[in-house]
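So the structure is just underneath, and the comments pick up after that.
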Amino acid sequence: MANEIMTINMGPQHPSTHGVLRMLIELDGETILKIDPDIGYLHRGVEKLSEYRTYHQTLPLTDRLDYLAPMSNNLGYILAVEKLLGIDVPERAQTVRIIMAELTRLQSHLVWLACHALDIGAMTVFIYAFRERETIMEIYELISGARMTSNFFRAGGLSQDVPAEFEKKVRDFMAVMPGYLDTYEGLLTNNPIWRKRTIGNGVISAEDATDIGITGPALRGSGVDFDLRRDIPYAGYETYQFQVPTGENCDTYDRYKVRLVEMREACKIVNQALERLKPGPVLADAPQVCYPPKDSVYNSIEGLIHHFKIASEGYPVPEGEVYMGIEAPKGELGYYIVSDGSSKPYRMRVRPPSFVNLQAIEKMSKGSMIADLVAVIGTLDIVLGEIDR
Amino acid sequence: MADTNRAVEKLQGKFAASILEVKEDRGDWIVTVKKEEIIAVLAFLKTECAFSMLTDVTAIDYLGKFEERFMMVYQLTSVAHKDRIRIKAPVSESDCRIESATQAFASANWLEREVFDLFGITFDKHPDLRRILMTPDWVGHPLRKDYPLQGPDREPYKGRLS
């Protein structure tokens with residue numbers, strides 16, 4: 001009995017596995033010897049499906065990858081298609097995209113904070129964070145009509161202009177959000193239980209993290225100063241001022257602090273973008289690619305034909321291949337699209353941040369107690385929708 | 001971009017005999033090499049050109065388009081120089097195997113398992129080559145172009161009816 005190795009099964013219905021992650025864990029007492037994650041329960045074949053759909057029809061599939069950050073997924077895909085097409089986006093569309101991408105970062109980090117804290121036993125934060133997330137969901141609903149499956153961006157701009165009350169709603173939210181962040185920090189940062197559970201937990205060195213391919217806040221928590229928004233900019237991020245936080249101790253507590261600073265920086269970027277939000281067109285002047293305005297579709301035969309052509313045939317995309325990586329809330333989200341000149345992607349590869357980050361789980365929790373594994377899952381901030389695709 | 005350019009020049013100097021193609025597409029640098037040299041090229045980029053992160057590994061199925069059916073694609077990122085490069089290597093259907101990049105980068109582990117699962121390309125010297133997304137008893141490789149969208153033994157997909 002003394003040296004018996006026990007294999008236990010965790011998930012796929014376990015509440016702290018953030019979806020349908022299943023792990024086979026070998027334990028010596030309560031110490032973890034080996035972890036074998038078993039994924040694929042949510043595999044929907046998004047990459048295969050996209051080969052049978054036009055570029056426009058592929059867009060709604062991307063909402064469903066990381067369903068906690070739909071607009072980031074849309075943005076990465078749309079930027080890749082725009083890079084293939086070589087079209088530019090009007091100023092206003094660009095600014096709205098930045099606002100929504102940063103609100104999405106806030107939303108995703110709020111869910112991370114809520115679930116991570118709940119997993120470790122801090123229930124209060126969960127209730128607070130979901131309250132704020134609700135406001136962002138309402139903004140989503142206001143502009144796209146859906147709370148999660150937004151499908152709002154288009155190649156060349158946005159599906160429609162944002163309503164008049166959008167700006168006020170975002171400004172109101174930005175006025176209160178920093179105060180809420182103080183609340184979360186007040187509840188957790190110096191909380192002795194929180195510190196005991198997170199300091200020294202899930203340590204991974206900068207070198208190992210880079211080698212395993214970890215990206216996003218988890219990489220910066222290990223002290224690697226790398227943020228695609230600043231280092232390989234896209235969508236106009238080079239014109240915004242923001243700080244990139246990094247950690248020192250490579251543990252769960254540092255990754256927590258990095259994400260909280262990131263949330264504050266996201267608020268700053270949204271505020272800068274709000275200052276730049278000027279009236280103007282939201283769709284590029286590229287009739288081969290963009291749908292005509294609804295007014296023209298309903299009231300002129302040319303507009304109707306134009307709409308019908310794009311909806312039925314799609315638009316041809318010049319031959320070539322691009323890789324577009326963006327700094328999604330969870331890490332580097334990459335779209336690699338190969339076009340053969342037709343209106344459907346020949347191959348679309350989604351490089352999901354969670355999938356690659358999850359690889360590190362064994363390295364991060366080997367030798368620690370099984371109860372600490374729950375904190376490691378939380379700090380990696382995984383979403384099975386994008387791991388399994 | 002200038003740094004990637006320098007990496008490309010270094011590669012051309014060191015591996016002149018094994019480079020099949022070098023091109024730039026919309027700002028991305030793409031170097032196609034022979035599959036026998038893939039590990040040497042990846043290790044060289046990691047140690048000599050500061051491409052410290054293997055961001056992505058995937059494959060493309062060019063069924064009926066090119067002589068060599070599959071194309072392996074490796075995306076590398078340099079954290080120090082804030083730069084990217086893409087390395088490709090053709091793999092034929094008759095000899096559907098390539099050496100595993102796990103010898104140079106730990107991140108290749110799951111990414112190659114996924115390619116093995118969905119494309120059926122075997123990775124030599126991979127520490128743990130199993131299916132990852134599909135079930136272990138699955139037959140076929142879903143991302144191959146000759147694998148029907150609806151799955152095997154089903155009516156073929158005829159396009160959207162609406």
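Numbering starts fresh at 1 for the residues of each chain in the structure tokens, the chains themselves are lettered A, B, ... in the order given, and ligands are numbered from 1 as they appear.
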List every residue of chain B that DSSP, applied to the backbone, labels as helix (DSSP H, G or I), and write the result as a ChimeraX atom specification. /B:2-14,35-48,101-103,108-119
Could you take the residues named above and write them with N, CA and C atoms, as a tab-separated table (two decimals), in the first residue's frame?
chain	number	residue	atom	x	y	z
B	2	ALA	N	13.87	43.12	-41.93
B	2	ALA	CA	15.28	43.07	-42.34
B	2	ALA	C	15.98	41.87	-41.71
B	3	ASP	N	15.60	41.58	-40.45
B	3	ASP	CA	16.25	40.48	-39.77
B	3	ASP	C	15.91	39.14	-40.41
B	4	THR	N	14.65	38.99	-40.80
B	4	THR	CA	14.26	37.75	-41.46
B	4	THR	C	15.06	37.59	-42.74
B	5	ASN	N	15.21	38.72	-43.43
B	5	ASN	CA	15.98	38.71	-44.64
B	5	ASN	C	17.38	38.17	-44.40
B	6	ARG	N	17.95	38.61	-43.27
B	6	ARG	CA	19.30	38.18	-42.96
B	6	ARG	C	19.30	36.67	-42.66
B	7	ALA	N	18.25	36.22	-41.95
B	7	ALA	CA	18.14	34.79	-41.68
B	7	ALA	C	18.03	34.01	-42.98
B	8	VAL	N	17.27	34.55	-43.93
B	8	VAL	CA	17.11	33.87	-45.22
B	8	VAL	C	18.46	33.79	-45.92
B	9	GLU	N	19.23	34.89	-45.87
B	9	GLU	CA	20.56	34.89	-46.50
B	9	GLU	C	21.48	33.87	-45.83
B	10	LYS	N	21.41	33.82	-44.49
B	10	LYS	CA	22.24	32.86	-43.76
B	10	LYS	C	21.89	31.44	-44.19
B	11	LEU	N	20.57	31.18	-44.28
B	11	LEU	CA	20.12	29.85	-44.69
B	11	LEU	C	20.63	29.52	-46.08
B	12	GLN	N	20.56	30.50	-46.97
B	12	GLN	CA	21.02	30.26	-48.34
B	12	GLN	C	22.51	29.95	-48.37
B	13	GLY	N	23.25	30.61	-47.47
B	13	GLY	CA	24.67	30.35	-47.41
B	13	GLY	C	24.97	28.95	-46.89
B	14	LYS	N	24.24	28.54	-45.85
B	14	LYS	CA	24.56	27.28	-45.17
B	14	LYS	C	23.95	26.07	-45.87
B	35	LYS	N	12.98	17.65	-47.24
B	35	LYS	CA	12.55	17.17	-45.92
B	35	LYS	C	13.69	16.51	-45.14
B	36	GLU	N	14.70	16.01	-45.85
B	36	GLU	CA	15.81	15.36	-45.14
B	36	GLU	C	16.56	16.36	-44.26
B	37	GLU	N	16.52	17.63	-44.65
B	37	GLU	CA	17.32	18.64	-43.94
B	37	GLU	C	16.49	19.42	-42.92
B	38	ILE	N	15.22	19.05	-42.74
B	38	ILE	CA	14.33	19.92	-41.98
B	38	ILE	C	14.82	20.17	-40.55
B	39	ILE	N	15.30	19.12	-39.88
B	39	ILE	CA	15.73	19.30	-38.50
B	39	ILE	C	16.98	20.18	-38.43
B	40	ALA	N	17.89	19.97	-39.38
B	40	ALA	CA	19.10	20.80	-39.40
B	40	ALA	C	18.74	22.26	-39.61
B	41	VAL	N	17.77	22.52	-40.49
B	41	VAL	CA	17.38	23.90	-40.77
B	41	VAL	C	16.71	24.52	-39.55
B	42	LEU	N	15.78	23.78	-38.92
B	42	LEU	CA	15.08	24.33	-37.75
B	42	LEU	C	16.05	24.58	-36.60
B	43	ALA	N	16.97	23.63	-36.39
B	43	ALA	CA	17.93	23.81	-35.30
B	43	ALA	C	18.86	24.99	-35.58
B	44	PHE	N	19.23	25.14	-36.85
B	44	PHE	CA	20.09	26.27	-37.24
B	44	PHE	C	19.38	27.60	-36.97
B	45	LEU	N	18.10	27.66	-37.35
B	45	LEU	CA	17.36	28.91	-37.13
B	45	LEU	C	17.23	29.21	-35.65
B	46	LYS	N	17.08	28.14	-34.85
B	46	LYS	CA	16.92	28.35	-33.41
B	46	LYS	C	18.22	28.85	-32.79
B	47	THR	N	19.33	28.21	-33.12
B	47	THR	CA	20.58	28.54	-32.42
B	47	THR	C	21.29	29.73	-33.05
B	48	GLU	N	21.27	29.84	-34.38
B	48	GLU	CA	22.08	30.87	-35.03
B	48	GLU	C	21.30	32.13	-35.37
B	101	ALA	N	10.12	17.47	-35.38
B	101	ALA	CA	10.75	18.71	-34.95
B	101	ALA	C	10.89	18.79	-33.43
B	102	THR	N	10.37	17.79	-32.71
B	102	THR	CA	10.52	17.81	-31.25
B	102	THR	C	12.00	17.75	-30.86
B	103	GLN	N	12.85	17.29	-31.80
B	103	GLN	CA	14.28	17.27	-31.52
B	103	GLN	C	14.84	18.68	-31.36
B	108	ALA	N	6.65	21.32	-30.70
B	108	ALA	CA	6.20	20.51	-31.84
B	108	ALA	C	5.43	19.27	-31.40
B	109	ASN	N	5.53	18.91	-30.13
B	109	ASN	CA	4.94	17.64	-29.68
B	109	ASN	C	3.46	17.49	-30.07
B	110	TRP	N	2.62	18.31	-29.51
B	110	TRP	CA	1.17	18.18	-29.78
B	110	TRP	C	0.83	18.61	-31.21
B	111	LEU	N	1.55	19.62	-31.69
B	111	LEU	CA	1.25	20.11	-33.04
B	111	LEU	C	1.49	19.00	-34.07
B	112	GLU	N	2.55	18.23	-33.86
B	112	GLU	CA	2.81	17.12	-34.80
B	112	GLU	C	1.83	15.97	-34.58
B	113	ARG	N	1.43	15.78	-33.34
B	113	ARG	CA	0.40	14.75	-33.12
B	113	ARG	C	-0.86	15.11	-33.88
B	114	GLU	N	-1.18	16.38	-33.93
B	114	GLU	CA	-2.39	16.79	-34.65
B	114	GLU	C	-2.23	16.54	-36.15
B	115	VAL	N	-1.05	16.86	-36.69
B	115	VAL	CA	-0.83	16.61	-38.12
B	115	VAL	C	-0.90	15.11	-38.40
B	116	PHE	N	-0.32	14.31	-37.51
B	116	PHE	CA	-0.38	12.85	-37.66
B	116	PHE	C	-1.82	12.37	-37.65
B	117	ASP	N	-2.60	12.93	-36.75
B	117	ASP	CA	-4.01	12.54	-36.59
B	117	ASP	C	-4.83	12.93	-37.82
B	118	LEU	N	-4.70	14.16	-38.26
B	118	LEU	CA	-5.61	14.68	-39.28
B	118	LEU	C	-5.09	14.52	-40.71
B	119	PHE	N	-3.77	14.35	-40.88
B	119	PHE	CA	-3.23	14.18	-42.23
B	119	PHE	C	-2.59	12.82	-42.46
Mind listing as an mmCIF file with N, CA and C atoms, in the first residue's frame which residues of chain B are within 8 Å of chain A, counting only C-alpha atoms?
data_model
loop_
_atom_site.group_PDB
_atom_site.id
_atom_site.type_symbol
_atom_site.label_atom_id
_atom_site.label_comp_id
_atom_site.auth_asym_id
_atom_site.auth_seq_id
_atom_site.Cartn_x
_atom_site.Cartn_y
_atom_site.Cartn_z
ATOM 1 N N ASP B 25 5.821 36.502 -49.843
ATOM 2 C CA ASP B 25 4.419 36.647 -50.217
ATOM 3 C C ASP B 25 3.766 37.589 -49.219
ATOM 4 N N ARG B 26 3.384 38.757 -49.674
ATOM 5 C CA ARG B 26 2.695 39.741 -48.832
ATOM 6 C C ARG B 26 3.455 40.008 -47.528
ATOM 7 N N ASP B 28 5.515 38.059 -45.947
ATOM 8 C CA ASP B 28 5.964 36.870 -45.227
ATOM 9 C C ASP B 28 7.102 36.211 -46.017
ATOM 10 N N SER B 52 13.472 31.640 -31.555
ATOM 11 C CA SER B 52 13.412 30.812 -30.355
ATOM 12 C C SER B 52 12.097 30.063 -30.210
ATOM 13 N N MET B 53 11.085 30.424 -30.971
ATOM 14 C CA MET B 53 9.773 29.808 -30.764
ATOM 15 C C MET B 53 9.243 29.195 -32.053
ATOM 16 N N LEU B 54 8.873 27.914 -31.963
ATOM 17 C CA LEU B 54 8.176 27.283 -33.082
ATOM 18 C C LEU B 54 6.687 27.490 -32.822
ATOM 19 N N THR B 55 6.110 28.465 -33.508
ATOM 20 C CA THR B 55 4.744 28.863 -33.203
ATOM 21 C C THR B 55 3.729 27.842 -33.681
ATOM 22 N N ASP B 56 3.943 27.311 -34.865
ATOM 23 C CA ASP B 56 2.918 26.436 -35.420
ATOM 24 C C ASP B 56 3.539 25.402 -36.337
ATOM 25 N N THR B 58 1.947 22.684 -39.206
ATOM 26 C CA THR B 58 0.750 22.164 -39.843
ATOM 27 C C THR B 58 1.138 21.596 -41.203
ATOM 28 N N ILE B 60 -0.360 20.901 -45.510
ATOM 29 C CA ILE B 60 -1.343 21.182 -46.556
ATOM 30 C C ILE B 60 -1.392 19.944 -47.450
ATOM 31 N N VAL B 79 11.488 35.941 -30.753
ATOM 32 C CA VAL B 79 11.066 36.839 -29.677
ATOM 33 C C VAL B 79 12.047 38.009 -29.579
ATOM 34 N N LYS B 82 11.634 40.079 -32.997
ATOM 35 C CA LYS B 82 10.236 40.396 -33.302
ATOM 36 C C LYS B 82 9.932 40.183 -34.788
ATOM 37 N N ASP B 83 10.052 38.969 -35.169
ATOM 38 C CA ASP B 83 10.136 38.609 -36.554
ATOM 39 C C ASP B 83 9.580 37.220 -36.791
ATOM 40 N N PHE B 105 12.428 21.672 -30.982
ATOM 41 C CA PHE B 105 11.481 22.503 -30.228
ATOM 42 C C PHE B 105 10.478 21.615 -29.491
ATOM 43 N N ALA B 106 10.290 21.867 -28.196
ATOM 44 C CA ALA B 106 9.315 21.080 -27.439
ATOM 45 C C ALA B 106 7.892 21.328 -27.919
ATOM 46 N N SER B 107 7.628 22.520 -28.457
ATOM 47 C CA SER B 107 6.255 22.854 -28.835
ATOM 48 C C SER B 107 5.742 21.975 -29.969
ATOM 49 N N ALA B 108 6.648 21.320 -30.695
ATOM 50 C CA ALA B 108 6.202 20.514 -31.838
ATOM 51 C C ALA B 108 5.427 19.273 -31.403
ATOM 52 N N TRP B 110 2.616 18.314 -29.509
ATOM 53 C CA TRP B 110 1.175 18.177 -29.783
ATOM 54 C C TRP B 110 0.834 18.608 -31.207
ATOM 55 N N LEU B 111 1.552 19.621 -31.686
ATOM 56 C CA LEU B 111 1.249 20.111 -33.041
ATOM 57 C C LEU B 111 1.488 19.004 -34.067
ATOM 58 N N ILE B 132 -4.716 12.748 -31.438
ATOM 59 C CA ILE B 132 -4.947 13.707 -30.348
ATOM 60 C C ILE B 132 -6.369 14.240 -30.360
ATOM 61 N N LEU B 133 -6.924 14.580 -31.517
ATOM 62 C CA LEU B 133 -8.287 15.120 -31.530
ATOM 63 C C LEU B 133 -9.319 14.026 -31.792
ATOM 64 N N MET B 134 -9.012 13.129 -32.712
ATOM 65 C CA MET B 134 -9.945 12.044 -32.997
ATOM 66 C C MET B 134 -9.728 10.920 -31.971
ATOM 67 N N THR B 135 -10.674 9.991 -31.928
ATOM 68 C CA THR B 135 -10.541 8.885 -30.972
ATOM 69 C C THR B 135 -9.444 7.925 -31.442
ATOM 70 N N PRO B 142 -9.047 12.988 -41.369
ATOM 71 C CA PRO B 142 -10.108 13.882 -41.834
ATOM 72 C C PRO B 142 -9.666 15.090 -42.664
ATOM 73 N N LEU B 143 -8.481 15.617 -42.469
ATOM 74 C CA LEU B 143 -8.139 16.826 -43.223
ATOM 75 C C LEU B 143 -7.553 16.519 -44.603
ATOM 76 N N LEU B 149 -16.358 15.233 -46.496
ATOM 77 C CA LEU B 149 -16.704 16.165 -45.418
ATOM 78 C C LEU B 149 -17.685 15.551 -44.436
ATOM 79 N N GLY B 159 -23.002 20.620 -51.284
ATOM 80 C CA GLY B 159 -23.093 22.075 -51.183
ATOM 81 C C GLY B 159 -24.306 22.452 -50.357
#
Name the residues in contact with A:Leu118 at a cut-off of 10 Å, using only C-alpha atoms, excluding same-chain residues fewer than 6 positions from it; report them as an mmCIF file with C-alpha atoms, in the first residue's frame.
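Once everything was written out, this is out-v6.cif:
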data_model
loop_
_atom_site.group_PDB
_atom_site.id
_atom_site.type_symbol
_atom_site.label_atom_id
_atom_site.label_comp_id
_atom_site.auth_asym_id
_atom_site.auth_seq_id
_atom_site.Cartn_x
_atom_site.Cartn_y
_atom_site.Cartn_z
ATOM 1 C CA SER A 16 -12.676 23.045 -12.757
ATOM 2 C CA TRP A 112 -10.612 33.835 -16.354
ATOM 3 C CA THR A 124 -17.075 36.631 -4.234
ATOM 4 C CA VAL A 125 -14.832 37.563 -7.140
ATOM 5 C CA PHE A 126 -16.775 35.242 -9.384
ATOM 6 C CA ILE A 127 -20.035 37.087 -8.779
ATOM 7 C CA ALA A 375 -4.866 26.358 -9.990
ATOM 8 C CA GLY A 378 -7.034 28.148 -14.161
#
One-decimal distance in Å that lies between atom CA of B:Trp138 and atom CA of B:Gln150: 14.6 Å
Gap from atom CA of A:Asn73 to atom CA of A:Ala311 - Å, one decimal: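 Between atom CA of A:Asn73 and atom CA of A:Ala311 the gap is 21.7 Å.
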Of the residues B:Lys23, B:Gly120, B:Ala89, B:Ala17, which is the one nearest to B:Tyr147, using only C-alpha atoms?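 Of B:Lys23, B:Gly120, B:Ala89, B:Ala17, the one nearest B:Tyr147, counting only C-alpha atoms, is B:Gly120.
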Find the residues around B:Leu63 up to 10 Å (only C-alpha atoms counted), leave out those fewer than 2 positions away in its own chain, and share them as a list in words.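 Non-adjacent residues within range: Ile60, Asp61, Lys65, Phe66, Glu67, Glu68, Arg69, Phe70, Glu93, Arg144, Lys145 and Asp146 of chain B.
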